[in-house]
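Working notes, beginning with the structure itself.
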Amino acid sequence: MMQNYRTPLGRARGLGSAKHGVSAWIGERVTAVALVPLVLWGVYWLVMIAAAHSRQAAVAWLADPINAVLMVLLTSVAFFHMHAGMRVVVEDYIERHLTKTLLLLANLFVCGLAGALAVFSILKVALGGA
Amino acid sequence: MTDAPRERPLSPHTTIWRWHATMATSILHRVTGCGLYGGALILAAWLVSLAAGDGPYAEMMAILGSPLGKLALFGLTLCVFFHLAKGIQHLIWDLGAGFKLPTANMGAIICLAFSVVASATIWIIAGLAGAL
């Protein structure tokens, strides 16, 4: 029985990463579940805001605490989810290590910056700063 | 040396794999996801313009309300509803269900049909509400 000479590490090597890769996969699914109601709610209200043809109406809508909080959740969860999705796309299609690393960094920075700008803008409007 | 199996599943590239509903919608799921990446950036820009004041907001609404802007928004609506429907099919698959070929194919067709019907519906609602 040659197998008995193999250490647990020796048997596990090459079978893929353990544990921490799963959290990225689960994170994408959890945010997907949260986005189902958030996106339906967001699409409906963005249409209603567009129909009002007034910045004041948009500001008043966003000043409502429920709307502001749901909008913060929609944007932050969406930016988390799109970062996760684009990361998988880059990892799947880009082979060159340097290009891949730069694109993954760019993805993180774009999502982080745009997400932060979106959340701050919502809070500024909701807290009466606009 | 390890016990790891040497045979790994092959990615169904378009050159070696016949097109079918589940494959096409799987690719579309990625494409629409990438489209929505741009859509989320537009949403962020719109929120920034809303916070910035009357001038920037009017400019942003003029861009979004232009024919090209409306075309982009209609495309994004299709992306939203397709990605939403296909995402739900993926969540069902993640639960370990819906893998039978007729079920999977039917699901793919439902995703396509839903995205078209839901997009048309929301744009009709937008039209009736006076948003266009």
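Numbering starts fresh at 1 for the residues of each chain in the structure tokens, the chains themselves are lettered A, B, ... in the order given, and ligands are numbered from 1 as they appear.
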
Chain B residues near chain A (10 Å cut-off, only C-alpha atoms) as a PyMOL selection string: chain B and resi 1-6+30-31+33-34+36-38+40-54+57-58+61+64-65+77+80-81+84-85+87-88+90-91+94+122-123+125-132

I need the chosen residues saved as a short mmCIF file (atom, residue, chain, number, x, y, z; two decimals), in the first residue's frame, with N, CA and C atoms.
```cif
data_model
loop_
_atom_site.label_atom_id
_atom_site.label_comp_id
_atom_site.auth_asym_id
_atom_site.auth_seq_id
_atom_site.Cartn_x
_atom_site.Cartn_y
_atom_site.Cartn_z
N MET B 1 4.45 14.61 -6.87
CA MET B 1 3.29 13.89 -7.43
C MET B 1 2.14 13.90 -6.43
N THR B 2 0.97 13.90 -6.94
CA THR B 2 -0.21 13.95 -6.08
C THR B 2 -1.25 12.97 -6.57
N ASP B 3 -2.34 12.89 -5.78
CA ASP B 3 -3.48 12.06 -6.19
C ASP B 3 -4.44 12.84 -7.07
N ALA B 4 -4.11 14.10 -7.35
CA ALA B 4 -5.04 14.95 -8.10
C ALA B 4 -5.30 14.37 -9.48
N PRO B 5 -6.56 14.32 -9.90
CA PRO B 5 -6.85 13.79 -11.23
C PRO B 5 -6.26 14.69 -12.30
N ARG B 6 -5.70 14.10 -13.34
CA ARG B 6 -5.08 14.90 -14.40
C ARG B 6 -6.12 15.45 -15.37
N ARG B 30 -22.57 36.68 -18.70
CA ARG B 30 -21.31 37.41 -18.51
C ARG B 30 -21.32 38.74 -19.24
N VAL B 31 -21.80 38.71 -20.50
CA VAL B 31 -21.81 39.93 -21.31
C VAL B 31 -22.69 40.99 -20.64
N GLY B 33 -23.52 41.14 -17.53
CA GLY B 33 -22.87 41.54 -16.28
C GLY B 33 -21.84 42.63 -16.54
N CYS B 34 -21.07 42.47 -17.61
CA CYS B 34 -20.08 43.50 -17.97
C CYS B 34 -20.77 44.79 -18.38
N LEU B 36 -23.63 45.81 -17.24
CA LEU B 36 -24.16 46.42 -16.02
C LEU B 36 -23.06 47.08 -15.20
N TYR B 37 -21.81 46.66 -15.42
CA TYR B 37 -20.66 47.33 -14.79
C TYR B 37 -20.68 48.79 -15.22
N GLY B 38 -20.85 48.99 -16.54
CA GLY B 38 -20.99 50.36 -17.06
C GLY B 38 -22.23 51.03 -16.52
N ALA B 40 -23.72 50.57 -13.65
CA ALA B 40 -23.52 50.98 -12.26
C ALA B 40 -22.69 52.26 -12.19
N LEU B 41 -21.73 52.38 -13.11
CA LEU B 41 -20.92 53.61 -13.14
C LEU B 41 -21.79 54.80 -13.54
N ILE B 42 -22.75 54.56 -14.48
CA ILE B 42 -23.68 55.63 -14.86
C ILE B 42 -24.56 56.01 -13.67
N LEU B 43 -25.02 55.00 -12.93
CA LEU B 43 -25.84 55.26 -11.74
C LEU B 43 -25.06 56.09 -10.72
N ALA B 44 -23.78 55.75 -10.53
CA ALA B 44 -22.94 56.51 -9.59
C ALA B 44 -22.79 57.95 -10.08
N ALA B 45 -22.56 58.11 -11.40
CA ALA B 45 -22.40 59.46 -11.96
C ALA B 45 -23.69 60.26 -11.79
N TRP B 46 -24.85 59.59 -11.97
CA TRP B 46 -26.13 60.28 -11.80
C TRP B 46 -26.30 60.74 -10.35
N LEU B 47 -25.93 59.88 -9.39
CA LEU B 47 -26.05 60.24 -7.97
C LEU B 47 -25.12 61.41 -7.64
N VAL B 48 -23.90 61.40 -8.20
CA VAL B 48 -22.96 62.50 -7.97
C VAL B 48 -23.54 63.80 -8.53
N SER B 49 -24.14 63.72 -9.72
CA SER B 49 -24.72 64.93 -10.32
C SER B 49 -25.90 65.44 -9.49
N LEU B 50 -26.65 64.49 -8.93
CA LEU B 50 -27.79 64.88 -8.08
C LEU B 50 -27.30 65.63 -6.85
N ALA B 51 -26.18 65.16 -6.28
CA ALA B 51 -25.63 65.80 -5.09
C ALA B 51 -24.92 67.11 -5.42
N ALA B 52 -24.50 67.25 -6.71
CA ALA B 52 -23.67 68.41 -7.09
C ALA B 52 -24.48 69.68 -7.30
N GLY B 53 -25.77 69.55 -7.68
CA GLY B 53 -26.57 70.76 -7.85
C GLY B 53 -27.39 70.76 -9.13
N ASP B 54 -28.14 71.85 -9.33
CA ASP B 54 -29.08 71.94 -10.46
C ASP B 54 -28.39 71.83 -11.81
N TYR B 57 -26.96 68.30 -12.59
CA TYR B 57 -28.07 67.36 -12.72
C TYR B 57 -28.77 67.54 -14.06
N ALA B 58 -28.99 68.81 -14.46
CA ALA B 58 -29.64 69.08 -15.75
C ALA B 58 -28.79 68.53 -16.90
N MET B 61 -29.11 64.72 -16.95
CA MET B 61 -30.41 64.29 -17.46
C MET B 61 -30.51 64.54 -18.97
N LEU B 64 -28.66 61.58 -20.51
CA LEU B 64 -29.44 60.35 -20.39
C LEU B 64 -30.72 60.42 -21.22
N GLY B 65 -31.25 61.63 -21.40
CA GLY B 65 -32.51 61.79 -22.14
C GLY B 65 -32.33 61.92 -23.64
N THR B 77 -31.59 48.20 -19.46
CA THR B 77 -32.79 47.56 -18.92
C THR B 77 -32.81 46.09 -19.30
N VAL B 80 -30.25 44.35 -17.18
CA VAL B 80 -30.71 44.18 -15.80
C VAL B 80 -31.62 42.97 -15.69
N PHE B 81 -32.64 42.91 -16.55
CA PHE B 81 -33.64 41.85 -16.40
C PHE B 81 -33.09 40.50 -16.84
N LEU B 84 -30.70 39.40 -14.04
CA LEU B 84 -31.53 39.06 -12.87
C LEU B 84 -32.11 37.65 -13.02
N ALA B 85 -32.74 37.39 -14.18
CA ALA B 85 -33.38 36.10 -14.41
C ALA B 85 -32.36 34.98 -14.45
N GLY B 87 -29.40 35.04 -13.25
CA GLY B 87 -28.80 34.92 -11.92
C GLY B 87 -29.64 34.03 -11.02
N ILE B 88 -30.97 34.16 -11.13
CA ILE B 88 -31.86 33.31 -10.32
C ILE B 88 -31.72 31.85 -10.76
N HIS B 90 -29.04 30.55 -11.95
CA HIS B 90 -27.76 30.12 -11.40
C HIS B 90 -27.89 29.79 -9.91
N LEU B 91 -28.68 30.61 -9.17
CA LEU B 91 -28.88 30.34 -7.74
C LEU B 91 -29.60 29.01 -7.55
N ASP B 94 -27.13 26.42 -8.05
CA ASP B 94 -26.25 26.33 -6.90
C ASP B 94 -26.87 25.51 -5.77
N ILE B 122 -41.43 47.79 -18.48
CA ILE B 122 -40.95 48.93 -17.69
C ILE B 122 -40.87 50.19 -18.56
N TRP B 123 -40.57 50.01 -19.87
CA TRP B 123 -40.51 51.19 -20.74
C TRP B 123 -41.90 51.68 -21.08
N ILE B 125 -44.38 51.43 -18.88
CA ILE B 125 -44.70 52.13 -17.62
C ILE B 125 -44.04 53.51 -17.62
N ALA B 126 -42.77 53.56 -18.04
CA ALA B 126 -42.05 54.84 -18.09
C ALA B 126 -42.75 55.81 -19.03
N GLY B 127 -43.19 55.31 -20.19
CA GLY B 127 -43.89 56.15 -21.15
C GLY B 127 -45.20 56.67 -20.60
N LEU B 128 -45.97 55.77 -19.97
CA LEU B 128 -47.27 56.16 -19.40
C LEU B 128 -47.09 57.15 -18.26
N ALA B 129 -45.99 56.98 -17.50
CA ALA B 129 -45.75 57.88 -16.37
C ALA B 129 -45.19 59.23 -16.83
N GLY B 130 -44.83 59.31 -18.13
CA GLY B 130 -44.33 60.58 -18.66
C GLY B 130 -42.84 60.77 -18.51
N ALA B 131 -42.10 59.65 -18.40
CA ALA B 131 -40.65 59.76 -18.19
C ALA B 131 -39.90 59.95 -19.51
N LEU B 132 -40.53 59.61 -20.64
CA LEU B 132 -39.77 59.62 -21.91
C LEU B 132 -39.81 60.98 -22.61
#
```

Tell me which protein, DNA and RNA residues are within 12 Å of B:Ile27, counting only C-alpha atoms, leaving out same-chain ones fewer than 2 positions away, and put them as a list in words.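 Skipping anything fewer than 2 positions along the chain leaves Val89 of chain A; Ser11, Pro12, His13, Thr14, Trp19, His20, Ala21, Thr22, Met23, Ala24, Thr25, His29, Arg30, Val31, Thr32, Gly33, Cys34, Phe82, His83, Lys86 and Ala108 of chain B.
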
Dump of C-alpha atoms for the selected residues, as a PDB file, in the first residue's frame:
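Listed below is the output, result-v9.pdb:
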```pdb
ATOM      1  CA  VAL A  89     -13.887  37.562 -15.811  1.00  0.00           C
TER       2      VAL A  89
ATOM      3  CA  SER B  11     -14.210  25.099 -21.093  1.00  0.00           C
ATOM      4  CA  PRO B  12     -16.890  25.033 -23.808  1.00  0.00           C
ATOM      5  CA  HIS B  13     -15.188  27.375 -26.264  1.00  0.00           C
ATOM      6  CA  THR B  14     -17.289  28.519 -29.201  1.00  0.00           C
ATOM      7  CA  TRP B  19     -24.277  26.640 -29.768  1.00  0.00           C
ATOM      8  CA  HIS B  20     -27.347  25.892 -27.639  1.00  0.00           C
ATOM      9  CA  ALA B  21     -29.668  27.767 -25.279  1.00  0.00           C
ATOM     10  CA  THR B  22     -27.853  27.147 -21.986  1.00  0.00           C
ATOM     11  CA  MET B  23     -24.469  27.977 -23.521  1.00  0.00           C
ATOM     12  CA  ALA B  24     -25.730  31.133 -25.240  1.00  0.00           C
ATOM     13  CA  THR B  25     -27.451  32.399 -22.092  1.00  0.00           C
ATOM     14  CA  HIS B  29     -24.965  36.341 -18.461  1.00  0.00           C
ATOM     15  CA  ARG B  30     -21.311  37.405 -18.513  1.00  0.00           C
ATOM     16  CA  VAL B  31     -21.812  39.933 -21.307  1.00  0.00           C
ATOM     17  CA  THR B  32     -24.802  41.549 -19.569  1.00  0.00           C
ATOM     18  CA  GLY B  33     -22.865  41.540 -16.284  1.00  0.00           C
ATOM     19  CA  CYS B  34     -20.079  43.496 -17.969  1.00  0.00           C
ATOM     20  CA  PHE B  82     -31.643  39.201 -18.241  1.00  0.00           C
ATOM     21  CA  HIS B  83     -28.878  39.159 -15.623  1.00  0.00           C
ATOM     22  CA  LYS B  86     -30.248  34.158 -15.351  1.00  0.00           C
ATOM     23  CA  ALA B 108     -32.631  29.599 -20.447  1.00  0.00           C
TER      24      ALA B 108
END
```

Point-to-point distance from atom CA of B:Ile110 to atom CA of A:Phe80, Å rounded to tenths: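 So the answer is 27.2 Å.
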
What residues in chain B get the DSSP label helix (DSSP H, G or I)? Please answer as a PyMOL selection string. chain B and resi 21-52+54-65+67-94+101-129

When you draw a straight line from atom CA of A:Leu102 to atom CA of A:Glu28, how long is it in Å?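 Atom CA of A:Glu28 lies 21.6 Å from atom CA of A:Leu102.
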